[in-house]
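Visitor: One structure follows; several queries about it will come next.
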Amino acid sequence: MKALRIISAISVLFLFASCASAPEQAWRARASNEAERTGSDISAEVAFGREVASKILGRYGIYENEAASRYVNLVGQSLARNAGSPETEFRFAILDTDEVNAYAAPGGYVFITKGALKITETESELAMVLAHEISHVTGRHIVKELNIRAGDDSALGGAARLIGGATDTARLTFAQAVDKAVDMLFSEGYKRADESEADGNAVVLGALSEYSPGDFVLFLMKADKIEGGKTQVLDKTHPPVSERVGSIRETIRAEGAMPAPAYGARINRFKAALSSI
Amino acid sequence: MRRRRCWVKSVFRKSFGRKMDMKKLIQYFAAVLFVFIISSSASAETLFVKAREAKVMPGASFAGQPIGKLAAGSKVESLSRKGSWVEVEFEGRRGYLAATLLTDSPPSEGGFFSRISDKVQSMGGARRRASTYTSAAAARGVMSFDRARMSRQEMVNYDALSKMESSAPSEDDVARFIEEGRK
């Protein structure tokens, strides 16, 4: 009987312990949900993202500077290797505006403005801004918010029909979803939780890619001091910098993300590529 | 309470077809619970590396030097989860991988990095058709709300998009860039 009681006690303890590990189970559930994403869903996201990207480019235009463009692409692709989203083909471009901001569209389209590049002082700062945008893509924040899937009951049902020759209604559904995404980027912003997740994941992505996550804080603080409307969209669509900085620093501490060594090659190539903008 | 116990006993008597006292009943439940819990806690989850390369850290953080690296598609058994890190067994010792680099879905036939871009490109000339569609719709005389939507669609730049899509550096260039950046 004594042995029976011991077995029962151990069982109950195990049961409580397994209940306490609920976050782990939640993470597994998320991973399973990712598995449910079909190839058609991914293709639909990219097709949708292209339309959103074309509108971002329609608003600002692309900044024509081969050296700067190639450099931003190389930094972005270095990060993309660690983004944990091999199905996504990331693309990077500089927007021709002095506004200070960066954007991401579903499917891997990432943008940084010429104005934002002008205030970056190191490759690591640039990398962290791009890492934040990449994290919006890998977090599929717009996709989840607008329920972009390949099924007929979603906006991308409209995408498929648009591609194959659409009715006016289907085309409108798709166009409205694209417009909503553009509104999120230019006026409404992502959900606060999504911004926070992108900041946190940017810290991990930056550190995995051997950059200094703390440089993201430097960039945000510089942007916060700019006056005269250049950060109007950034301010409108993001939580206050003071709030973000505290959270980013906490993540850096929790993840043990140390500053990267000051590699001379990075300093030199940063100057060479971006001194002309 | 006593009546309830009798009821439970009677159900089990019927189920097992023989007399069973409460002690044996509890014993039965404890054994089933114990076996269930032990089996579920022992089942490690199989995960796969979905980055080009994943560093294995000695602890659940970036602190310290990596104890090794795993290539894309490598299979690992997760032992536990700590924050944004997953504990795995690596070459006979415990190590940690960033959870963002792992998935429970095995790589497809072409590997994780078989891109879907070809598929997407084949979807269309989607952008060209969308563009021509805009003018075709205008010509057909769509309703006013539709025209309003179309006016927003005019703010697009597909030439710049094409330029962006064709400017990605090669894998070798990226690998070289990363390597050079460590000097």
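Every chain in the structure tokens has a letter given in the order shown (A, B, ...), and although residue numbers restart at 1 in each chain, ligands are simply numbered from 1 in the order shown.
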With DSSP run on the backbone, what are the strand (DSSP E) residues within segment 38-205 of chain A? I'd like them as a PyMOL selection string.
Guide: chain A and resi 91-95+102-105+109-113
Visitor: Calculated over only C-alpha atoms, which of the candidates A:Gly200, A:Gly228, A:Gly58, A:Gly246 has the smallest distance to Ser84 of chain B?
Guide: A:Gly200
Visitor: What's around Ser54 of chain A at 8 Å? Count only C-alpha atoms, leave out sequence neighbours fewer than 2 positions away in its own chain, and write the answer as a VMD selection string.
Guide: (chain A and resid 50 to 52 56 to 58) or (chain B and resid 156 to 158 160 to 161)
Visitor: May I ask for the distance between atom CA of Ile226 of chain A and atom CA of Ala53 of chain A, given in Å to one decimal place?
Guide: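 Separating atom CA of Ile226 of chain A from atom CA of Ala53 of chain A is a distance of 26.3 Å.
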Visitor: Can you pull out the residues contacting Ile248 of chain A? Cut-off 8 Å, using only C-alpha atoms, and skip same-chain residues under 5 positions away; I want them as number ranges by chain.
Guide: A: 199-200, 203, 217
Visitor: How would the residues just chosen look if you wrote them out with N, CA and C atoms as a compact mmCIF listing (two decimals), in the first residue's frame?
Guide:
# COMPACT_ATOMS: atom_id res chain seq x y z
N ASP A 199 10.38 43.02 -32.84
CA ASP A 199 11.55 43.54 -32.12
C ASP A 199 12.33 42.41 -31.44
N GLY A 200 11.58 41.52 -30.77
CA GLY A 200 12.22 40.41 -30.06
C GLY A 200 12.92 39.46 -31.01
N VAL A 203 16.16 40.76 -32.45
CA VAL A 203 17.32 40.60 -31.54
C VAL A 203 17.96 39.23 -31.77
N VAL A 217 18.78 49.69 -30.84
CA VAL A 217 18.39 50.74 -29.88
C VAL A 217 19.00 52.08 -30.31
Visitor: Show me, as an MDAnalysis selection string, the residues that have an atom within 6 Å of segment 68-75 of chain B when counting only C-alpha atoms, minus same-chain residues fewer than 5 positions from it.
Guide: chainID B and resid 47:56
